[in-house]
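To start, the structure under review is shown below, and the notes come after it.
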Amino acid sequence: MECAVLTPDRQKAIAPDEAIARLKAGNDRFTAGKSTNCDLMAQVKQTASYQAPFAAIVGCIDSRVPPELVFDQHLGDVFCARVAGNIVNTDIIGSLEYSTKVAGARRSWCWA
């Protein structure tokens, strides 16, 4: 996995099935202890003027399972709506709508 963050053009080229495949591959790296280590400050600078997430995830607020780490993704790659019990209410739906319709995430996914 390369360390470059997604640009809006690269984001648009990702099909929904590829988004799921990216998350699965990242989780495989994480569980194998082979997570990608990138320069986080460089990613902060690269994403300062835009964000181009390829997926939106609803997950638990449990501090031990941050989706960005568990799926081995970069800054700006995923929107994470974290809520106790993974309950999807109107606030969470609004966050998912924003992430897909405005920010262009290719896939929304609920994760328990």
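To be explicit about the labels: the chains of the structure tokens are called A, B, and onward in the order shown, and within each one the residues are counted from 1, while ligands get numbers from 1 in the order they are shown.
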*asked:* DSSP on the backbone, strand (DSSP E or B) only: what residues of chain A does that give? Format it as a list in words.
replied: Ala55, Ala56, Ile57, Val58, Gly59, Val78, Phe79, Cys80, Ala81, Arg82, Arg107, Ser108, Trp109 and Cys110 of chain A
Keeping only N, CA and C atoms, write the selected residues as a compact mmCIF listing (two decimals), in the first residue's frame.
```
# COMPACT_ATOMS: atom_id res chain seq x y z
N ALA A 55 -14.61 5.60 1.58
CA ALA A 55 -15.63 4.83 2.30
C ALA A 55 -16.12 5.60 3.52
N ALA A 56 -17.33 5.26 3.93
CA ALA A 56 -17.90 5.78 5.17
C ALA A 56 -18.25 4.58 6.04
N ILE A 57 -17.85 4.65 7.30
CA ILE A 57 -18.03 3.52 8.20
C ILE A 57 -18.80 3.95 9.43
N VAL A 58 -19.79 3.16 9.81
CA VAL A 58 -20.47 3.33 11.10
C VAL A 58 -19.87 2.28 12.01
N GLY A 59 -19.29 2.73 13.10
CA GLY A 59 -18.66 1.81 14.04
C GLY A 59 -18.91 2.22 15.47
N VAL A 78 -11.21 7.46 5.02
CA VAL A 78 -12.54 7.00 5.44
C VAL A 78 -13.20 8.02 6.36
N PHE A 79 -14.50 8.16 6.21
CA PHE A 79 -15.31 8.89 7.18
C PHE A 79 -15.74 7.87 8.22
N CYS A 80 -15.64 8.20 9.48
CA CYS A 80 -16.05 7.29 10.54
C CYS A 80 -17.11 7.96 11.40
N ALA A 81 -18.29 7.38 11.40
CA ALA A 81 -19.35 7.82 12.30
C ALA A 81 -19.37 6.82 13.44
N ARG A 82 -18.88 7.23 14.60
CA ARG A 82 -18.76 6.31 15.73
C ARG A 82 -19.81 6.65 16.77
N ARG A 107 -18.60 4.13 -0.82
CA ARG A 107 -19.34 3.05 -0.18
C ARG A 107 -19.55 3.39 1.29
N SER A 108 -20.75 3.12 1.80
CA SER A 108 -21.02 3.22 3.24
C SER A 108 -21.10 1.81 3.79
N TRP A 109 -20.62 1.65 5.01
CA TRP A 109 -20.55 0.31 5.57
C TRP A 109 -20.75 0.40 7.07
N CYS A 110 -21.62 -0.45 7.61
CA CYS A 110 -21.80 -0.56 9.06
C CYS A 110 -20.94 -1.71 9.56
```
*Identify, on the basis of only C-alpha atoms, every residue whose closest approach to Asp62 in chain A does not exceed 12 Å; exclude the query and any residue fewer than 5 positions from it along the same chain; express the result as number ranges by chain.*
A: 67, 82-86, 112
Keeping C-alpha atoms, export the residues of the selection given above as an mmCIF file, in the first residue's frame.
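Dumped everything to part.cif:
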```cif
data_model
loop_
_atom_site.group_PDB
_atom_site.id
_atom_site.type_symbol
_atom_site.label_atom_id
_atom_site.label_comp_id
_atom_site.auth_asym_id
_atom_site.auth_seq_id
_atom_site.Cartn_x
_atom_site.Cartn_y
_atom_site.Cartn_z
ATOM 1 C CA PRO A 67 -11.578 2.022 12.064
ATOM 2 C CA ARG A 82 -18.757 6.312 15.730
ATOM 3 C CA VAL A 83 -21.624 5.791 18.111
ATOM 4 C CA ALA A 84 -22.361 3.574 21.118
ATOM 5 C CA GLY A 85 -24.015 0.360 20.018
ATOM 6 C CA ASN A 86 -23.623 1.142 16.304
ATOM 7 C CA ALA A 112 -19.906 -4.108 14.465
#
```
*Point-to-point distance from CA of Leu6 in chain A to CA of Lys34 in chain A, Å rounded to tenths*: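 Atom-to-atom, CA of Leu6 in chain A to CA of Lys34 in chain A, that is 20.8 Å.
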*Shell of 9 Å around Cys3 in chain A, only C-alpha atoms, local chain residues under 6 positions omitted, as a PyMOL selection string*: chain A and resi 36-39+43+74
Could you write those residues out with N, CA, C and O atoms, as a tab-separated table (two decimals), in the first residue's frame?
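Result file follows (part.tsv):
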```
chain	number	residue	atom	x	y	z
A	36	THR	N	0.74	-0.47	7.36
A	36	THR	CA	1.58	0.48	6.65
A	36	THR	C	1.86	1.67	7.55
A	36	THR	O	0.94	2.24	8.13
A	37	ASN	N	3.11	2.03	7.68
A	37	ASN	CA	3.48	3.20	8.48
A	37	ASN	C	3.87	4.33	7.53
A	37	ASN	O	4.84	4.20	6.80
A	38	CYS	N	3.09	5.39	7.57
A	38	CYS	CA	3.34	6.53	6.69
A	38	CYS	C	3.59	7.78	7.52
A	38	CYS	O	3.33	7.81	8.72
A	39	ASP	N	4.08	8.79	6.88
A	39	ASP	CA	4.35	10.07	7.52
A	39	ASP	C	3.02	10.80	7.73
A	39	ASP	O	2.45	11.36	6.79
A	43	GLN	N	0.66	13.60	5.48
A	43	GLN	CA	-0.74	13.38	5.12
A	43	GLN	C	-1.63	14.53	5.59
A	43	GLN	O	-2.55	14.94	4.87
A	74	HIS	N	-5.25	5.53	5.52
A	74	HIS	CA	-4.56	6.80	5.72
A	74	HIS	C	-5.52	7.88	6.21
A	74	HIS	O	-6.74	7.72	6.15
```
*When distances are computed from only C-alpha atoms, which of A:Val102, A:Leu69, A:Leu75, A:Ala4 shows the smallest separation from Asp28 in chain A?*
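Distance minimum relative to Asp28 in chain A lands on A:Leu69.
Compared by their closest atoms to Thr7 in chain A, and using only C-alpha atoms, the residues A:Gly33, A:Gly104, A:Gly94, A:Pro66 rank with A:Gly104 nearest.
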*Expressed in Å to a single decimal, how great is the separation between CA of Ile93 in chain A and CA of Ala19 in chain A?*
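One can read the CA of Ile93 in chain A to CA of Ala19 in chain A distance as 19.4 Å.
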*Val5 in chain A environment, 10 Å, only C-alpha atoms, sequence neighbours closer than 5 positions dropped, as a list in words*: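 In the requested form, the answer reads Arg10, Gln11, Ala42, Gln43, Val44, Gln46, Thr47, Gln51, Ala52, Pro53, Gln73, His74, Leu75, Gly76 and Asp77 of chain A.
The two atoms in question, CA of Val88 in chain A and CA of Val70 in chain A, are spaced 20.7 Å apart.
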*asked:* When DSSP is applied to the backbone of this structure, which of range 26-101 of chain A are assigned helix (DSSP H, G or I)? Write them out as a PyMOL selection string.
replied: chain A and resi 26-31+40-46+67-70+84-86+90-101
What would the file look like if the residues just selected were written as a PDB file, in the first residue's frame with C-alpha atoms?
```
ATOM      1  CA  GLY A  26      -6.213  -3.262   5.176  1.00  0.00           C
ATOM      2  CA  ASN A  27      -7.748  -5.449   7.873  1.00  0.00           C
ATOM      3  CA  ASP A  28      -5.658  -8.377   6.639  1.00  0.00           C
ATOM      4  CA  ARG A  29      -2.520  -6.227   7.005  1.00  0.00           C
ATOM      5  CA  PHE A  30      -3.617  -5.100  10.479  1.00  0.00           C
ATOM      6  CA  THR A  31      -4.348  -8.620  11.765  1.00  0.00           C
ATOM      7  CA  LEU A  40       1.203  11.384   9.245  1.00  0.00           C
ATOM      8  CA  MET A  41       2.314  15.024   9.153  1.00  0.00           C
ATOM      9  CA  ALA A  42       2.801  14.775   5.390  1.00  0.00           C
ATOM     10  CA  GLN A  43      -0.740  13.381   5.118  1.00  0.00           C
ATOM     11  CA  VAL A  44      -2.096  16.225   7.243  1.00  0.00           C
ATOM     12  CA  LYS A  45      -0.461  18.740   4.889  1.00  0.00           C
ATOM     13  CA  GLN A  46      -1.659  16.899   1.764  1.00  0.00           C
ATOM     14  CA  PRO A  67     -11.578   2.022  12.064  1.00  0.00           C
ATOM     15  CA  GLU A  68      -8.662   3.909  10.491  1.00  0.00           C
ATOM     16  CA  LEU A  69      -6.223   1.620  12.304  1.00  0.00           C
ATOM     17  CA  VAL A  70      -8.199  -1.641  12.139  1.00  0.00           C
ATOM     18  CA  ALA A  84     -22.361   3.574  21.118  1.00  0.00           C
ATOM     19  CA  GLY A  85     -24.015   0.360  20.018  1.00  0.00           C
ATOM     20  CA  ASN A  86     -23.623   1.142  16.304  1.00  0.00           C
ATOM     21  CA  THR A  90     -31.025  10.512  11.871  1.00  0.00           C
ATOM     22  CA  ASP A  91     -27.727  12.130  12.935  1.00  0.00           C
ATOM     23  CA  ILE A  92     -25.699   9.155  11.712  1.00  0.00           C
ATOM     24  CA  ILE A  93     -27.742   8.936   8.508  1.00  0.00           C
ATOM     25  CA  GLY A  94     -27.032  12.630   7.942  1.00  0.00           C
ATOM     26  CA  SER A  95     -23.314  11.984   8.399  1.00  0.00           C
ATOM     27  CA  LEU A  96     -23.444   9.129   5.885  1.00  0.00           C
ATOM     28  CA  GLU A  97     -25.379  11.262   3.421  1.00  0.00           C
ATOM     29  CA  TYR A  98     -22.763  14.014   3.720  1.00  0.00           C
ATOM     30  CA  SER A  99     -19.893  11.556   3.328  1.00  0.00           C
ATOM     31  CA  THR A 100     -21.298  10.043   0.144  1.00  0.00           C
ATOM     32  CA  LYS A 101     -23.192  12.879  -1.545  1.00  0.00           C
TER      33      LYS A 101
END
```
